[in-house]
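Student: Input my_file-v8.txt, format and content: compact mmCIF, C-alpha atoms.
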```txt
# COMPACT_ATOMS: atom_id res chain seq x y z
CA MET S 1 2.00 37.89 -18.70
CA LYS S 2 1.58 34.45 -20.22
CA ILE S 3 -1.44 32.38 -19.15
CA ASN S 4 -1.40 28.61 -19.65
CA ILE S 5 -5.04 27.50 -19.94
CA ALA S 6 -5.88 23.80 -19.53
CA ASN S 7 -9.27 22.28 -20.30
CA PRO S 8 -9.81 18.97 -18.44
CA ALA S 9 -12.96 18.20 -20.46
CA THR S 10 -11.00 17.91 -23.74
CA GLY S 11 -7.48 17.27 -22.43
CA ALA S 12 -6.16 20.26 -24.44
CA GLN S 13 -4.18 23.25 -23.19
CA LYS S 14 -3.16 26.55 -24.72
CA LEU S 15 -0.51 29.17 -23.86
CA LEU S 16 -1.57 32.77 -24.52
CA ASP S 17 0.53 35.91 -24.15
CA PHE S 18 -1.23 39.11 -22.99
CA ASP S 19 0.65 42.42 -23.31
CA HIS S 20 -1.73 44.88 -21.64
CA GLU S 21 -2.19 44.82 -17.89
CA ARG S 22 -5.93 45.52 -18.21
CA HIS S 23 -6.36 41.96 -19.53
CA TYR S 24 -4.82 40.13 -16.58
CA ARG S 25 -5.36 42.69 -13.78
CA ALA S 26 -8.35 40.62 -12.57
CA PHE S 27 -5.94 37.86 -11.48
CA PHE S 28 -3.91 40.18 -9.18
CA ASP S 29 -4.23 39.55 -5.40
CA LYS S 30 -5.93 36.21 -6.10
CA ARG S 31 -4.56 33.02 -4.56
CA ILE S 32 -3.96 29.49 -5.87
CA ALA S 33 -7.24 27.48 -6.02
CA GLN S 34 -9.38 30.64 -6.31
CA GLU S 35 -11.84 30.95 -9.20
CA VAL S 36 -11.64 34.03 -11.42
CA PRO S 37 -14.02 35.08 -14.26
CA ALA S 38 -12.11 35.41 -17.55
CA ASP S 39 -14.24 38.19 -19.10
CA SER S 40 -11.35 40.68 -18.90
CA LEU S 41 -9.23 38.62 -21.32
CA GLY S 42 -11.49 39.49 -24.28
CA ASP S 43 -14.95 39.11 -25.75
CA GLU S 44 -14.32 35.51 -26.83
CA TRP S 45 -13.72 34.55 -23.15
CA LYS S 46 -17.10 35.84 -21.97
CA GLY S 47 -18.72 33.40 -19.54
CA TYR S 48 -15.51 31.43 -18.87
CA VAL S 49 -14.38 30.85 -15.28
CA PHE S 50 -10.79 29.83 -14.47
CA ARG S 51 -9.26 28.28 -11.36
CA ILE S 52 -5.65 29.28 -10.59
CA THR S 53 -3.41 26.23 -10.19
CA GLY S 54 0.08 27.75 -10.03
CA GLY S 55 2.69 29.74 -11.90
CA ASN S 56 6.26 31.02 -12.06
CA ASP S 57 7.74 34.45 -11.47
CA LYS S 58 10.08 36.22 -13.89
CA GLN S 59 13.14 34.49 -12.41
CA GLY S 60 11.53 31.04 -12.77
CA PHE S 61 10.70 30.33 -9.10
CA PRO S 62 7.45 28.33 -8.71
CA MET S 63 4.41 29.41 -6.71
CA LYS S 64 3.82 27.31 -3.57
CA GLN S 65 0.37 26.74 -2.11
CA GLY S 66 0.01 27.86 1.51
CA VAL S 67 2.66 30.60 1.40
CA LEU S 68 0.37 33.62 1.80
CA VAL S 69 2.68 36.35 0.49
CA PRO S 70 2.94 38.09 -2.95
CA HIS S 71 6.74 37.79 -3.10
CA ARG S 72 9.60 35.28 -2.81
CA VAL S 73 10.59 33.61 0.47
CA ARG S 74 13.19 31.03 1.51
CA LEU S 75 11.71 27.97 3.21
CA LEU S 76 13.26 24.84 4.72
CA LEU S 77 11.74 22.08 2.56
CA ALA S 78 11.81 18.33 3.14
CA ASP S 79 10.49 15.15 1.53
CA GLY S 80 6.78 15.44 0.69
CA HIS S 81 6.81 19.22 0.19
CA SER S 82 5.95 20.68 -3.19
CA CYS S 83 8.60 22.58 -5.19
CA TYR S 84 11.33 20.26 -3.86
CA ARG S 85 12.69 16.80 -4.70
CA THR S 86 14.96 15.08 -2.18
CA ARG S 87 18.20 13.49 -3.36
CA ARG S 88 18.97 11.60 -0.14
CA THR S 89 16.87 10.04 2.62
CA GLY S 90 16.00 12.56 5.33
CA GLU S 91 17.50 15.47 3.41
CA ARG S 92 16.19 19.01 4.01
CA LYS S 93 17.13 22.12 2.10
CA ARG S 94 16.33 25.83 2.21
CA LYS S 95 14.88 26.81 -1.17
CA SER S 96 13.44 30.00 -2.64
CA VAL S 97 9.74 29.72 -3.55
CA ARG S 98 7.19 32.28 -4.71
CA GLY S 99 4.11 32.93 -2.54
CA CYS S 100 0.67 31.77 -3.71
CA ILE S 101 -0.77 35.29 -4.20
CA VAL S 102 -0.67 36.49 -7.82
CA GLY S 103 1.18 39.76 -8.48
CA PRO S 104 2.72 41.72 -11.36
CA ASP S 105 6.02 39.80 -11.06
CA ILE S 106 4.41 36.56 -12.29
CA ALA S 107 5.65 35.60 -15.77
CA VAL S 108 3.50 32.50 -16.43
CA LEU S 109 0.20 31.75 -14.70
CA SER S 110 -1.39 28.29 -14.93
CA VAL S 111 -5.20 28.07 -14.87
CA VAL S 112 -7.84 25.40 -15.43
CA VAL S 113 -11.23 25.93 -17.12
CA VAL S 114 -13.94 25.42 -14.49
CA LYS S 115 -16.89 26.78 -16.48
CA GLN S 116 -17.05 27.05 -20.25
CA GLY S 117 -18.58 30.10 -21.92
CA ASP S 118 -20.70 30.41 -25.05
CA ASN S 119 -17.84 30.81 -27.56
CA GLU S 120 -15.60 28.01 -28.74
CA ILE S 121 -11.84 28.62 -28.37
CA PRO S 122 -9.84 27.04 -31.22
CA GLY S 123 -7.26 24.57 -29.95
CA LEU S 124 -8.82 24.42 -26.48
CA THR S 125 -12.51 23.48 -26.63
CA ASP S 126 -12.97 22.28 -30.23
CA THR S 127 -10.31 19.51 -30.20
CA VAL S 128 -10.51 16.43 -27.99
CA ILE S 129 -7.19 14.77 -27.16
CA PRO S 130 -7.81 11.11 -26.31
CA LYS S 131 -6.41 9.67 -23.10
CA ARG S 132 -3.24 7.72 -23.77
CA LEU S 133 -3.69 5.44 -20.75
CA GLY S 134 -6.91 4.14 -19.24
CA PRO S 135 -7.64 3.24 -15.62
CA LYS S 136 -5.65 0.39 -14.06
CA ARG S 137 -7.50 -0.48 -10.86
CA ALA S 138 -10.55 -2.75 -11.15
CA THR S 139 -12.91 -0.44 -9.23
CA LYS S 140 -11.84 2.57 -11.32
CA ILE S 141 -12.44 0.63 -14.56
CA ARG S 142 -15.96 -0.19 -13.31
CA ARG S 143 -16.57 3.46 -12.47
CA PHE S 144 -15.12 4.63 -15.82
CA PHE S 145 -17.39 2.35 -17.91
CA ASN S 146 -20.33 2.34 -15.44
CA LEU S 147 -20.16 -1.45 -14.96
CA SER S 148 -21.86 -3.64 -12.41
CA LYS S 149 -20.16 -6.24 -10.22
CA ASP S 150 -21.31 -9.04 -12.55
CA ASP S 151 -19.52 -7.58 -15.61
CA ASP S 152 -16.06 -8.92 -16.49
CA VAL S 153 -13.59 -6.06 -16.01
CA ARG S 154 -10.94 -7.75 -18.19
CA LYS S 155 -13.01 -7.15 -21.34
CA TYR S 156 -13.06 -3.37 -20.78
CA VAL S 157 -9.34 -2.65 -20.30
CA VAL S 158 -8.15 0.22 -22.51
CA ARG S 159 -5.62 -1.21 -24.95
CA ARG S 160 -3.21 0.96 -26.93
CA GLU S 161 -1.49 0.17 -30.21
CA VAL S 162 2.30 0.17 -30.17
CA LYS S 163 4.63 0.15 -33.17
CA SER S 164 8.20 -1.09 -32.94
CA ALA S 165 10.77 1.72 -33.03
CA LYS S 166 13.57 -0.59 -34.22
CA LYS S 167 11.77 -2.29 -37.12
CA GLU S 168 9.74 -0.12 -39.44
CA ASP S 169 7.97 -3.00 -41.21
CA ALA S 170 7.08 -4.76 -37.93
CA LYS S 171 3.45 -5.53 -37.26
CA PRO S 172 1.90 -3.22 -34.62
CA TYR S 173 0.75 -4.85 -31.40
CA THR S 174 -1.42 -3.78 -28.46
CA LYS S 175 -0.50 -3.27 -24.83
CA ALA S 176 -2.79 -3.23 -21.80
CA PRO S 177 -2.12 -2.61 -18.10
CA LYS S 178 -2.22 -5.41 -15.54
CA ILE S 179 -5.46 -4.94 -13.62
CA GLN S 180 -4.87 -4.24 -9.93
CA ARG S 181 -7.16 -5.49 -7.11
CA LEU S 182 -8.91 -7.90 -9.47
CA VAL S 183 -10.94 -10.53 -7.60
CA THR S 184 -10.49 -13.85 -9.45
CA PRO S 185 -11.39 -17.45 -8.44
CA LEU S 186 -7.70 -18.04 -7.68
CA ARG S 187 -7.66 -14.97 -5.40
CA LEU S 188 -10.78 -16.23 -3.57
CA GLN S 189 -9.21 -19.70 -3.21
CA ARG S 190 -6.06 -18.12 -1.77
CA ARG S 191 -8.13 -16.12 0.71
CA ARG S 192 -9.99 -19.26 1.81
CA HIS S 193 -6.67 -21.07 2.24
CA LEU S 194 -5.22 -18.22 4.33
CA ARG S 195 -8.37 -18.12 6.48
CA SER S 196 -8.18 -21.88 7.06
CA LEU S 197 -4.50 -21.57 8.02
CA LYS S 198 -5.37 -18.83 10.49
CA ARG S 199 -8.22 -20.91 11.93
CA ARG S 200 -5.97 -23.97 12.30
CA ARG S 201 -3.28 -21.85 13.95
CA ASN S 202 -5.80 -20.49 16.47
CA ASP S 203 -7.10 -23.99 17.24
CA ARG S 204 -3.56 -25.28 17.74
CA GLN S 205 -2.77 -22.39 20.08
CA LYS S 206 -5.90 -23.13 22.11
CA GLU S 207 -4.94 -26.81 22.39
CA GLN S 208 -1.39 -25.90 23.44
CA LYS S 209 -2.78 -23.47 26.01
CA THR S 210 -5.07 -26.11 27.58
CA GLU S 211 -2.20 -28.63 27.62
CA TYR S 212 0.10 -26.08 29.25
CA GLU S 213 -2.51 -25.15 31.87
CA ALA S 214 -3.10 -28.85 32.67
CA LEU S 215 0.67 -29.46 32.98
CA LEU S 216 1.06 -26.35 35.14
CA ALA S 217 -1.75 -27.48 37.44
CA LYS S 218 -0.17 -30.95 37.69
CA ARG S 219 3.24 -29.45 38.56
CA VAL S 220 1.69 -27.17 41.20
CA ALA S 221 -0.18 -30.13 42.73
CA GLU S 222 3.03 -32.20 42.78
CA LYS S 223 4.90 -29.31 44.42
CA LYS S 224 2.20 -28.95 47.08
CA GLU S 225 2.18 -32.71 47.71
CA LYS S 226 5.98 -32.75 48.06
CA ALA S 227 5.90 -29.81 50.46
CA ALA S 228 3.19 -31.55 52.51
CA THR S 229 5.20 -34.81 52.76
CA ILE S 230 8.34 -32.87 53.83
CA LYS S 231 6.31 -31.04 56.46
CA ALA S 232 4.80 -34.30 57.77
CA SER S 233 8.24 -35.96 58.01
CA HIS S 234 9.58 -33.01 60.07
CA LYS S 235 6.65 -33.32 62.53
CA LYS S 236 7.50 -37.00 63.23
```
Show me, as structure tokens, the structure contained in the file I just sent.

Tutor:
Amino acid sequence: MKINIANPATGAQKLLDFDHERHYRAFFDKRIAQEVPADSLGDEWKGYVFRITGGNDKQGFPMKQGVLVPHRVRLLLADGHSCYRTRRTGERKRKSVRGCIVGPDIAVLSVVVVKQGDNEIPGLTDTVIPKRLGPKRATKIRRFFNLSKDDDVRKYVVRREVKSAKKEDAKPYTKAPKIQRLVTPLRLQRRRHLRSLKRRRNDRQKEQKTEYEALLAKRVAEKKEKAATIKASHKK
């Protein structure tokens, strides 16, 4: 069985192939999202704890969370379900998926390091792969750099250097994402303007309502007066 180990702390991942069943027997009958100690993989993995995130069986069918069986089943999948991508709006299709319980028919198992042990694993814990893209939303940038509300978020956007693929001697330039949900003076001015429009619209509706009620009362009074005059003329 192959085990794909990802380390979120460093951004690195490593694919290891284990031949003997005694190494990966500890993962059998465990489900996706369960935590498993990795001591059985070898002495260098002592103290490590993995969380199972998925996998594929020997025929390439993916494991699906929530399917509590250790074998393959055919399910009617629709838009929003994992292990399926719709081609048309409203499309549903019956697809074969592997249950979320690990068994001996699993070819590749994906795990994530939850707790790191004492030993360093080369290529997994000793190398840090930098994030290619930083956060885009203003609140997430503040959380990422531990900023206060007074700090200018635009100064802390993660910029990346880009080289032109067409021209080799071209000067490299930097790219940065457009900050989402950024509160600027223009945004505040627009909000004030929209609030004033809403206030004016409400006032105008109130005025129109009072005018309509006054006109309605006038019409009702005229109707009553007309009915009274007709009634008085019939009495004579």

Student: Would you list the contacts of Lys115 of chain S as a list of chain:residue names, taking every protein, DNA or RNA residue within 9 Å and counting all atoms listed in the file, but skipping same-chain residues closer than 5 positions in sequence?

Tutor: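 Contacts, with the query itself left out: S:Gly47, S:Tyr48, S:Val49, S:Phe50.
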
Student: Would you mind reading off the distance between atom CA of Lys93 of chain S and atom CA of Leu77 of chain S, one decimal, in Å?

Tutor: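 Separation of atom CA of Lys93 of chain S and atom CA of Leu77 of chain S: 5.4 Å.
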
Student: Mind checking which residues fall within 10 Å of Val114 of chain S, counting only C-alpha atoms, ignoring those fewer than 4 positions away in the same chain, and posting them as a PyMOL selection string?

Tutor: chain S and resi 6-9+35-37+48-52

Student: Store the residues picked out above in a file with C-alpha atoms, as a PDB file, keeping the file's coordinate frame.

Tutor:
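To be explicit, this is the file written out as selection.pdb:
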```pdb
ATOM      1  CA  ALA S   6      -5.880  23.800 -19.530  1.00  0.00           C
ATOM      2  CA  ASN S   7      -9.270  22.280 -20.300  1.00  0.00           C
ATOM      3  CA  PRO S   8      -9.810  18.970 -18.440  1.00  0.00           C
ATOM      4  CA  ALA S   9     -12.960  18.200 -20.460  1.00  0.00           C
ATOM      5  CA  GLU S  35     -11.840  30.950  -9.200  1.00  0.00           C
ATOM      6  CA  VAL S  36     -11.640  34.030 -11.420  1.00  0.00           C
ATOM      7  CA  PRO S  37     -14.020  35.080 -14.260  1.00  0.00           C
ATOM      8  CA  TYR S  48     -15.510  31.430 -18.870  1.00  0.00           C
ATOM      9  CA  VAL S  49     -14.380  30.850 -15.280  1.00  0.00           C
ATOM     10  CA  PHE S  50     -10.790  29.830 -14.470  1.00  0.00           C
ATOM     11  CA  ARG S  51      -9.260  28.280 -11.360  1.00  0.00           C
ATOM     12  CA  ILE S  52      -5.650  29.280 -10.590  1.00  0.00           C
TER      13      ILE S  52
END
```

Student: I'd like the contact shell of Thr174 of chain S - 12 Å cut-off, only C-alpha atoms, skipping same-chain residues fewer than 6 positions apart - returned as JSON, numbers by chain.

Tutor: {"S": [157, 158, 159, 160, 161, 162, 163, 164]}

Student: Could you state the separation of atom CA of Lys95 of chain S and atom CA of Ser110 of chain S in Å, given to one decimal place?

Tutor: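 Taking atom CA of Lys95 of chain S as the start and atom CA of Ser110 of chain S as the end point, the length is 21.4 Å.
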
Student: So the first atom is atom CA of Tyr24 of chain S and the second is atom CA of Leu41 of chain S; what is the distance between them in Å, to one decimal place?

Tutor: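 Computing it gives 6.6 Å between the two atoms.
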
Student: So, counting all atoms listed in the file, which residue among S:Leu76, S:Leu109, S:Ile141, S:Leu215 is closest to Thr53 of chain S?

Tutor: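 Closest to Thr53 of chain S, using all atoms listed in the file: S:Leu109.
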
Student: Just want the 8 Å neighbourhood of Gln180 of chain S, counted on all atoms listed in the file, with same-chain residues fewer than 3 positions away dropped. Output as a ChimeraX atom specification.

Tutor: /S:136-138

Student: Which protein, DNA or RNA residues are at most 10 Å from (6.4, 36.7, -11.8) in the file's coordinates when you count all atoms listed in the file, listed as a VMD selection string?

Tutor: chain S and resid 1 to 2 55 to 63 70 to 72 98 102 to 109

Student: Since the input lacks some atoms of segment 188-204 of chain S, please model N, CA and C atoms and print them as a compact mmCIF listing (two decimals), keeping the file's coordinate frame.

Tutor:
```txt
# COMPACT_ATOMS: atom_id res chain seq x y z
N LEU S 188 -9.84 -15.78 -4.59
CA LEU S 188 -10.78 -16.23 -3.57
C LEU S 188 -10.30 -17.52 -2.92
N GLN S 189 -9.74 -18.44 -3.75
CA GLN S 189 -9.21 -19.70 -3.21
C GLN S 189 -8.05 -19.42 -2.25
N ARG S 190 -7.19 -18.46 -2.62
CA ARG S 190 -6.06 -18.12 -1.77
C ARG S 190 -6.53 -17.53 -0.44
N ARG S 191 -7.57 -16.69 -0.51
CA ARG S 191 -8.13 -16.12 0.71
C ARG S 191 -8.71 -17.20 1.61
N ARG S 192 -9.43 -18.16 1.02
CA ARG S 192 -9.99 -19.26 1.81
C ARG S 192 -8.88 -20.06 2.47
N HIS S 193 -7.80 -20.31 1.71
CA HIS S 193 -6.67 -21.07 2.24
C HIS S 193 -6.01 -20.33 3.41
N LEU S 194 -5.83 -19.00 3.26
CA LEU S 194 -5.22 -18.22 4.33
C LEU S 194 -6.11 -18.18 5.57
N ARG S 195 -7.44 -18.10 5.34
CA ARG S 195 -8.37 -18.12 6.48
C ARG S 195 -8.32 -19.45 7.21
N SER S 196 -8.24 -20.56 6.43
CA SER S 196 -8.18 -21.88 7.06
C SER S 196 -6.88 -22.05 7.84
N LEU S 197 -5.77 -21.51 7.29
CA LEU S 197 -4.50 -21.57 8.02
C LEU S 197 -4.59 -20.80 9.33
N LYS S 198 -5.21 -19.63 9.28
CA LYS S 198 -5.37 -18.83 10.49
C LYS S 198 -6.24 -19.55 11.51
N ARG S 199 -7.33 -20.18 11.02
CA ARG S 199 -8.22 -20.91 11.93
C ARG S 199 -7.50 -22.08 12.59
N ARG S 200 -6.72 -22.83 11.75
CA ARG S 200 -5.97 -23.97 12.30
C ARG S 200 -4.92 -23.51 13.32
N ARG S 201 -4.28 -22.37 13.03
CA ARG S 201 -3.28 -21.85 13.95
C ARG S 201 -3.90 -21.46 15.28
N ASN S 202 -5.10 -20.85 15.23
CA ASN S 202 -5.80 -20.49 16.47
C ASN S 202 -6.20 -21.72 17.27
N ASP S 203 -6.71 -22.75 16.54
CA ASP S 203 -7.10 -23.99 17.24
C ASP S 203 -5.90 -24.65 17.90
N ARG S 204 -4.77 -24.67 17.18
CA ARG S 204 -3.56 -25.28 17.74
C ARG S 204 -3.07 -24.52 18.97
```
